[in-house]
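Everything below belongs to model-v1.cif, which stores mmCIF, C-alpha atoms.
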```
data_final
#
loop_
_atom_site.label_atom_id
_atom_site.label_comp_id
_atom_site.auth_asym_id
_atom_site.auth_seq_id
_atom_site.Cartn_x
_atom_site.Cartn_y
_atom_site.Cartn_z
CA MET A 1 -8.56 -1.03 10.97
CA SER A 2 -9.06 2.71 11.06
CA GLU A 3 -12.48 2.08 12.57
CA LEU A 4 -10.96 -0.02 15.37
CA GLN A 5 -8.25 2.57 15.95
CA GLY A 6 -10.91 5.27 16.15
CA LEU A 7 -12.84 3.21 18.68
CA GLY A 8 -9.70 2.81 20.78
CA ALA A 9 -9.19 6.55 20.75
CA GLU A 10 -12.81 7.45 21.47
CA LEU A 11 -13.70 5.03 24.28
CA SER A 12 -12.19 5.83 27.66
CA LYS A 13 -10.09 3.22 29.48
CA ALA A 14 -13.03 2.53 31.81
CA GLU A 15 -15.41 2.11 28.90
CA GLN A 16 -12.95 -0.20 27.16
CA ALA A 17 -12.69 -2.25 30.35
CA GLY A 18 -16.45 -2.38 30.73
CA VAL A 19 -17.17 -3.63 27.23
CA GLU A 20 -15.71 -6.47 25.18
CA ILE A 21 -14.81 -5.47 21.66
CA ILE A 22 -14.74 -8.52 19.39
CA ALA A 23 -13.38 -7.98 15.90
CA VAL A 24 -14.56 -10.69 13.47
CA SER A 25 -12.66 -11.17 10.23
CA PRO A 26 -11.91 -13.91 7.71
CA ASP A 27 -8.21 -12.94 7.94
CA PRO A 28 -5.87 -15.67 9.14
CA ASN A 29 -5.13 -15.59 12.86
CA GLU A 30 -1.47 -14.65 12.44
CA GLN A 31 -2.44 -11.54 10.54
CA SER A 32 -5.03 -10.49 13.13
CA GLN A 33 -2.64 -11.13 15.99
CA LYS A 34 0.03 -8.95 14.39
CA LEU A 35 -2.53 -6.21 13.92
CA ALA A 36 -3.73 -6.45 17.51
CA GLN A 37 -0.20 -6.37 18.88
CA GLY A 38 0.89 -3.59 16.55
CA LEU A 39 -2.00 -1.41 17.61
CA ARG A 40 -1.75 -2.38 21.29
CA LEU A 41 -5.48 -2.77 21.48
CA GLY A 42 -7.28 -4.90 24.03
CA TYR A 43 -9.67 -6.28 21.47
CA ARG A 44 -10.42 -9.91 20.86
CA PHE A 45 -9.68 -10.73 17.26
CA VAL A 46 -11.51 -13.84 16.13
CA ALA A 47 -11.07 -15.58 12.80
CA ASP A 48 -14.12 -16.55 10.79
CA ARG A 49 -12.10 -18.15 8.01
CA ASP A 50 -14.99 -19.59 5.99
CA LEU A 51 -17.36 -16.70 6.87
CA ALA A 52 -19.79 -19.20 8.40
CA VAL A 53 -20.66 -16.91 11.31
CA THR A 54 -20.65 -13.79 9.14
CA ARG A 55 -23.07 -15.58 6.83
CA ARG A 56 -25.40 -16.49 9.71
CA TYR A 57 -25.48 -12.80 10.59
CA GLY A 58 -26.49 -11.99 7.02
CA LEU A 59 -23.31 -9.96 6.57
CA VAL A 60 -21.68 -11.60 3.55
CA HIS A 61 -21.04 -9.52 0.44
CA ALA A 62 -21.12 -12.27 -2.19
CA HIS A 63 -18.23 -12.02 -4.72
CA GLY A 64 -17.33 -8.61 -3.26
CA GLY A 65 -13.60 -9.30 -2.94
CA ALA A 66 -10.86 -8.23 -5.32
CA ASP A 67 -10.66 -11.79 -6.71
CA GLY A 68 -14.41 -12.34 -6.71
CA GLN A 69 -14.37 -14.12 -3.36
CA ASP A 70 -17.03 -13.58 -0.69
CA VAL A 71 -16.13 -10.91 1.87
CA PRO A 72 -17.82 -9.47 4.96
CA ARG A 73 -20.07 -6.44 4.75
CA PRO A 74 -18.48 -4.10 7.28
CA ALA A 75 -20.78 -3.89 10.29
CA THR A 76 -20.69 -2.80 13.91
CA VAL A 77 -23.11 -4.22 16.50
CA VAL A 78 -23.58 -3.10 20.10
CA LEU A 79 -25.00 -5.80 22.44
CA ASP A 80 -26.14 -5.08 25.97
CA ARG A 81 -25.27 -7.16 29.02
CA ASP A 82 -28.16 -9.54 28.25
CA GLY A 83 -26.80 -10.18 24.77
CA LEU A 84 -29.54 -8.23 23.00
CA VAL A 85 -28.80 -5.98 20.02
CA ARG A 86 -29.09 -2.34 21.06
CA TRP A 87 -27.58 -0.60 18.03
CA PHE A 88 -26.03 -1.63 14.75
CA SER A 89 -24.70 -0.18 11.54
CA VAL A 90 -23.96 -1.89 8.21
CA SER A 91 -21.86 -0.12 5.57
CA ARG A 92 -23.20 0.61 2.08
CA ASN A 93 -19.70 1.60 0.91
CA PHE A 94 -16.81 -0.39 2.37
CA GLN A 95 -14.77 2.73 2.95
CA VAL A 96 -17.46 4.13 5.23
CA ARG A 97 -17.67 2.94 8.86
CA PRO A 98 -19.65 4.24 11.79
CA ASP A 99 -18.21 7.21 13.60
CA ALA A 100 -16.63 6.00 16.88
CA ARG A 101 -18.62 8.73 18.66
CA ASP A 102 -21.88 7.08 17.58
CA VAL A 103 -20.63 3.72 18.88
CA ARG A 104 -19.62 5.38 22.15
CA ARG A 105 -23.07 6.95 22.45
CA ALA A 106 -24.66 3.52 21.96
CA VAL A 107 -22.33 1.99 24.56
CA ARG A 108 -23.04 4.78 27.06
CA ALA A 109 -26.78 4.39 26.55
CA LEU A 110 -26.66 0.76 27.75
CA MET B 1 7.10 30.51 -14.85
CA SER B 2 4.06 30.89 -17.08
CA ALA B 3 0.49 30.98 -15.81
CA SER B 4 -0.12 27.65 -17.53
CA THR B 5 2.77 25.95 -15.72
CA ARG B 6 1.62 27.41 -12.40
CA LEU B 7 -1.89 26.04 -12.97
CA ALA B 8 -0.43 22.66 -13.94
CA GLY B 9 1.65 22.62 -10.75
CA LEU B 10 -1.38 23.52 -8.65
CA SER B 11 -3.38 20.74 -10.31
CA VAL B 12 -0.72 18.16 -9.42
CA VAL B 13 -0.51 19.44 -5.83
CA VAL B 14 -4.30 19.23 -5.41
CA ALA B 15 -4.50 15.72 -6.92
CA ILE B 16 -1.55 14.17 -5.05
CA GLY B 17 -2.36 16.15 -1.89
CA ALA B 18 -5.92 14.81 -1.80
CA LEU B 19 -4.70 11.23 -2.19
CA VAL B 20 -2.04 11.55 0.52
CA ALA B 21 -4.37 13.41 2.90
CA TYR B 22 -7.09 10.78 2.52
CA VAL B 23 -4.72 7.91 3.32
CA LEU B 24 -3.07 9.73 6.24
CA LEU B 25 -6.32 10.98 7.77
CA LEU B 26 -8.30 7.74 7.38
CA ARG B 27 -8.58 7.45 11.15
CA ILE B 28 -10.58 10.67 11.33
CA ALA B 29 -14.20 9.64 10.89
CA VAL B 30 -15.25 12.72 8.94
CA VAL B 31 -12.49 12.09 6.36
CA ARG B 32 -13.05 8.33 6.16
CA ASN B 33 -16.79 8.66 5.86
CA HIS B 34 -16.71 11.17 3.00
CA PRO B 35 -14.65 9.32 0.38
CA GLU B 36 -16.42 11.34 -2.32
CA GLY B 37 -14.16 14.16 -1.07
CA TYR B 38 -11.17 12.76 -2.96
CA VAL B 39 -13.26 12.42 -6.12
CA VAL B 40 -14.23 16.10 -5.84
CA ALA B 41 -10.57 17.05 -5.31
CA PHE B 42 -9.56 15.06 -8.42
CA ALA B 43 -12.29 16.87 -10.39
CA VAL B 44 -10.92 20.23 -9.20
CA ALA B 45 -7.40 19.13 -10.22
CA THR B 46 -8.70 18.10 -13.66
CA THR B 47 -10.40 21.49 -14.11
CA LEU B 48 -7.17 23.28 -13.20
CA ALA B 49 -5.27 21.10 -15.68
CA VAL B 50 -7.78 21.89 -18.46
CA LEU B 51 -7.28 25.60 -17.77
CA ALA B 52 -3.51 25.04 -17.89
CA VAL B 53 -3.80 23.32 -21.30
CA VAL B 54 -6.01 26.12 -22.65
CA ARG B 55 -3.52 28.77 -21.53
CA ALA B 56 -0.38 26.91 -22.60
CA ARG B 57 1.68 28.83 -25.15
CA ALA B 58 5.33 27.79 -25.33
CA ARG B 59 5.96 24.95 -22.87
CA ARG B 60 2.95 22.67 -23.14
CA TRP B 61 4.13 19.44 -21.53
CA PRO B 62 3.53 20.43 -17.86
CA ALA B 63 -0.12 21.17 -18.63
CA TRP B 64 -0.63 17.92 -20.52
CA LEU B 65 1.16 15.95 -17.81
CA ALA B 66 -1.11 17.49 -15.16
CA LEU B 67 -4.16 16.74 -17.28
CA GLY B 68 -3.14 13.11 -17.78
CA LEU B 69 -2.45 12.58 -14.08
CA SER B 70 -5.59 14.29 -12.80
CA THR B 71 -7.87 12.60 -15.35
CA LEU B 72 -6.42 9.20 -14.48
CA LEU B 73 -6.98 9.82 -10.76
CA LEU B 74 -10.49 11.17 -11.37
CA VAL B 75 -11.57 8.13 -13.39
CA ALA B 76 -9.88 5.63 -11.06
CA GLY B 77 -11.13 7.40 -7.92
CA ALA B 78 -14.72 7.65 -9.13
CA TRP B 79 -14.67 4.03 -10.28
CA PHE B 80 -13.31 2.87 -6.92
CA ASN B 81 -15.67 4.94 -4.77
CA PHE B 82 -18.89 4.60 -6.73
CA VAL B 83 -18.48 1.09 -8.19
CA VAL B 84 -15.84 -1.05 -6.44
CA ALA B 85 -16.52 0.13 -2.88
CA ARG B 86 -20.28 -0.20 -3.08
CA VAL B 87 -21.75 -2.84 -0.80
CA PRO B 88 -25.18 -4.13 -1.76
CA ASP B 89 -27.98 -3.43 0.65
CA ALA B 90 -29.56 -6.63 1.91
CA SER B 91 -31.37 -7.69 5.03
CA THR B 92 -29.33 -8.97 7.96
CA ALA B 93 -30.07 -11.28 10.86
CA LEU B 94 -29.80 -8.27 13.19
CA ARG B 95 -32.88 -6.82 14.90
CA VAL B 96 -32.70 -4.25 17.67
CA GLY B 97 -33.95 -5.80 20.90
CA GLU B 98 -33.30 -9.35 19.71
CA ARG B 99 -30.50 -11.79 20.37
CA PRO B 100 -28.14 -12.27 17.42
CA PRO B 101 -26.86 -15.75 16.42
CA ASP B 102 -24.44 -17.29 18.91
CA PHE B 103 -20.97 -18.27 17.77
CA THR B 104 -17.70 -19.75 18.95
CA LEU B 105 -14.61 -18.74 16.98
CA PRO B 106 -10.88 -19.04 17.67
CA ASP B 107 -9.05 -15.89 18.75
CA ALA B 108 -5.56 -14.90 17.65
CA THR B 109 -3.99 -17.47 19.99
CA GLY B 110 -6.36 -20.24 18.93
CA ARG B 111 -8.47 -20.04 22.09
CA PRO B 112 -12.22 -20.30 21.45
CA VAL B 113 -14.29 -17.18 22.09
CA SER B 114 -18.02 -17.70 22.62
CA LEU B 115 -20.49 -14.88 22.43
CA ALA B 116 -22.67 -16.66 24.98
CA ASP B 117 -19.87 -16.37 27.59
CA TYR B 118 -20.47 -12.62 27.83
CA ARG B 119 -24.21 -12.90 28.35
CA GLY B 120 -25.13 -11.55 31.78
CA ARG B 121 -21.52 -10.40 32.28
CA LYS B 122 -20.49 -7.71 29.85
CA PRO B 123 -21.80 -5.66 26.93
CA VAL B 124 -20.14 -6.54 23.62
CA VAL B 125 -19.26 -4.52 20.52
CA LEU B 126 -18.97 -6.80 17.48
CA VAL B 127 -16.99 -5.37 14.58
CA PHE B 128 -17.15 -7.24 11.28
CA TYR B 129 -14.31 -5.65 9.37
CA ARG B 130 -12.41 -5.85 6.15
CA GLY B 131 -9.49 -3.97 4.73
CA TYR B 132 -7.85 -0.83 6.03
CA TRP B 133 -10.97 1.21 6.64
#
```
I'd like the structure from this file rewritten - as structure tokens, please.
Amino acid sequence: MSELQGLGAELSKAEQAGVEIIAVSPDPNEQSQKLAQGLRLGYRFVADRDLAVTRRYGLVHAHGGADGQDVPRPATVVLDRDGLVRWFSVSRNFQVRPDARDVRRAVRAL
Amino acid sequence: MSASTRLAGLSVVVAIGALVAYVLLLRIAVVRNHPEGYVVAFAVATTLAVLAVVRARARRWPAWLALGLSTLLLVAGAWFNFVVARVPDASTALRVGERPPDFTLPDATGRPVSLADYRGRKPVVLVFYRGYW
């Protein structure tokens, strides 16, 4: 969440309006909705309960969860207007996320 | 207050302070992205506690308490950062300049969101996230 908060703080209102930020998580919808409302962020939170989409992206950390369950590898992907990948970052340590300034740079470069 | 007790107090302040600062400042990228910082702080606190134990003359318990606390945090912190938090490196389906897999997933209100709907309309930032970081 700190990454999403950082993104909210770093991107200007205009930039946030000009780009759709979609947060993908296996968390149940209710939890994501509470988070989105609590943070007052205009992001779309989508639930990938069984990690099917995350798996197709090659972003599953097998047995990486506290109870040995599969979890997502934290990743941030910037797509241009044509839907092509322009920049992405995948964490090697789940505490580490891309700096919002690097994401902003990638968004501005579109 | 003896030098030993002062060192023990400083050790506890450094150890607890590092933990609190890390949690409170998680939103700041430079703090979040250098989690080894708290491990270093715990190592400093452990060193201070060792010095406190070495110098302890009359009242020894503050030094031993500081040593126990800082060692516990150092071991737990290093274990968490270097073992638990590690994410294996593996190839992804992402290639710069290519189109990633399409998907349709429900949003928080149950409405379907399709990646393809944004094509030709709007750039998208996808964030695959987990936990509080």
Q | Test item: chain A residues at most 6 Å from chain B, counting only C-alpha atoms, as a ChimeraX atom specification | A | /A:1-2,6,19-25,29,33,45-47,57-58,74-86,92-96,99
Q. From the set B:Ala49, B:Ala15, B:Leu74, B:Gly37, which residue has the shortest atom-to-atom contact distance to Pro62 of chain B, counting all atoms listed in the file?
A. B:Ala49
Q: Work out how far apart atom CA of Val14 of chain B and atom CA of Ala56 of chain B are and give it in Å to one decimal.
A: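 Separation of atom CA of Val14 of chain B and atom CA of Ala56 of chain B: 19.2 Å.
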Q: For the point (-19.6, 2.5, 32.3) in the file's frame, write as a list in words all residues with an atom no more than 12 Å away, counting all atoms listed in the file.
A: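 Applying the cut-off with all atoms listed in the file, one gets Leu11, Ser12, Lys13, Ala14, Glu15, Gln16, Ala17, Gly18, Val19, Asp80, Arg81, Arg104, Arg105, Ala106, Val107, Arg108, Ala109 and Leu110 of chain A; Lys122 and Pro123 of chain B.
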Q: List, as a VMD selection string, every residue that the PyMOL selection byres ((chain B and resi 10) around 12) selects in the file provided.
A: chain B and resid 3 to 9 11 to 18 41 to 42 44 to 52 62 to 63 66 to 67 70
Given the selection you just returned, output its residues as a file containing C-alpha atoms, formatted as a PDB file, in the coordinates of the input.
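Saved file result19.pdb follows:
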```
ATOM      1  CA  ALA B   3       0.490  30.980 -15.810  1.00  0.00           C
ATOM      2  CA  SER B   4      -0.120  27.650 -17.530  1.00  0.00           C
ATOM      3  CA  THR B   5       2.770  25.950 -15.720  1.00  0.00           C
ATOM      4  CA  ARG B   6       1.620  27.410 -12.400  1.00  0.00           C
ATOM      5  CA  LEU B   7      -1.890  26.040 -12.970  1.00  0.00           C
ATOM      6  CA  ALA B   8      -0.430  22.660 -13.940  1.00  0.00           C
ATOM      7  CA  GLY B   9       1.650  22.620 -10.750  1.00  0.00           C
ATOM      8  CA  SER B  11      -3.380  20.740 -10.310  1.00  0.00           C
ATOM      9  CA  VAL B  12      -0.720  18.160  -9.420  1.00  0.00           C
ATOM     10  CA  VAL B  13      -0.510  19.440  -5.830  1.00  0.00           C
ATOM     11  CA  VAL B  14      -4.300  19.230  -5.410  1.00  0.00           C
ATOM     12  CA  ALA B  15      -4.500  15.720  -6.920  1.00  0.00           C
ATOM     13  CA  ILE B  16      -1.550  14.170  -5.050  1.00  0.00           C
ATOM     14  CA  GLY B  17      -2.360  16.150  -1.890  1.00  0.00           C
ATOM     15  CA  ALA B  18      -5.920  14.810  -1.800  1.00  0.00           C
ATOM     16  CA  ALA B  41     -10.570  17.050  -5.310  1.00  0.00           C
ATOM     17  CA  PHE B  42      -9.560  15.060  -8.420  1.00  0.00           C
ATOM     18  CA  VAL B  44     -10.920  20.230  -9.200  1.00  0.00           C
ATOM     19  CA  ALA B  45      -7.400  19.130 -10.220  1.00  0.00           C
ATOM     20  CA  THR B  46      -8.700  18.100 -13.660  1.00  0.00           C
ATOM     21  CA  THR B  47     -10.400  21.490 -14.110  1.00  0.00           C
ATOM     22  CA  LEU B  48      -7.170  23.280 -13.200  1.00  0.00           C
ATOM     23  CA  ALA B  49      -5.270  21.100 -15.680  1.00  0.00           C
ATOM     24  CA  VAL B  50      -7.780  21.890 -18.460  1.00  0.00           C
ATOM     25  CA  LEU B  51      -7.280  25.600 -17.770  1.00  0.00           C
ATOM     26  CA  ALA B  52      -3.510  25.040 -17.890  1.00  0.00           C
ATOM     27  CA  PRO B  62       3.530  20.430 -17.860  1.00  0.00           C
ATOM     28  CA  ALA B  63      -0.120  21.170 -18.630  1.00  0.00           C
ATOM     29  CA  ALA B  66      -1.110  17.490 -15.160  1.00  0.00           C
ATOM     30  CA  LEU B  67      -4.160  16.740 -17.280  1.00  0.00           C
ATOM     31  CA  SER B  70      -5.590  14.290 -12.800  1.00  0.00           C
TER      32      SER B  70
END
```
**Q.** Two-atom distance - atom CA of Val39 of chain B, atom CA of Ala78 of chain B (Å)
**A.**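 About the pair atom CA of Val39 of chain B and atom CA of Ala78 of chain B: they are 5.8 Å apart.
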Q: Pull out every residue that the PyMOL selection byres ((chain A and resi 62) around 10) matches in the shown coordinates and put them as a PyMOL selection string.
A: (chain A and resi 55+59-61+63-65+68-73) or (chain B and resi 87-88)
**Q.** For atom CA of Asp27 of chain A and atom CA of Arg49 of chain A, the interatomic separation in Å (one decimal)
**A.**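 Those two atoms sit 6.5 Å apart.
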Q: For Asp48 of chain A, list every protein, DNA or RNA residue within 6 Å, evaluated using only C-alpha atoms, and leave out those in the same chain fewer than 2 positions away; present the list as a ChimeraX atom specification.
A: /A:25-26,50-51
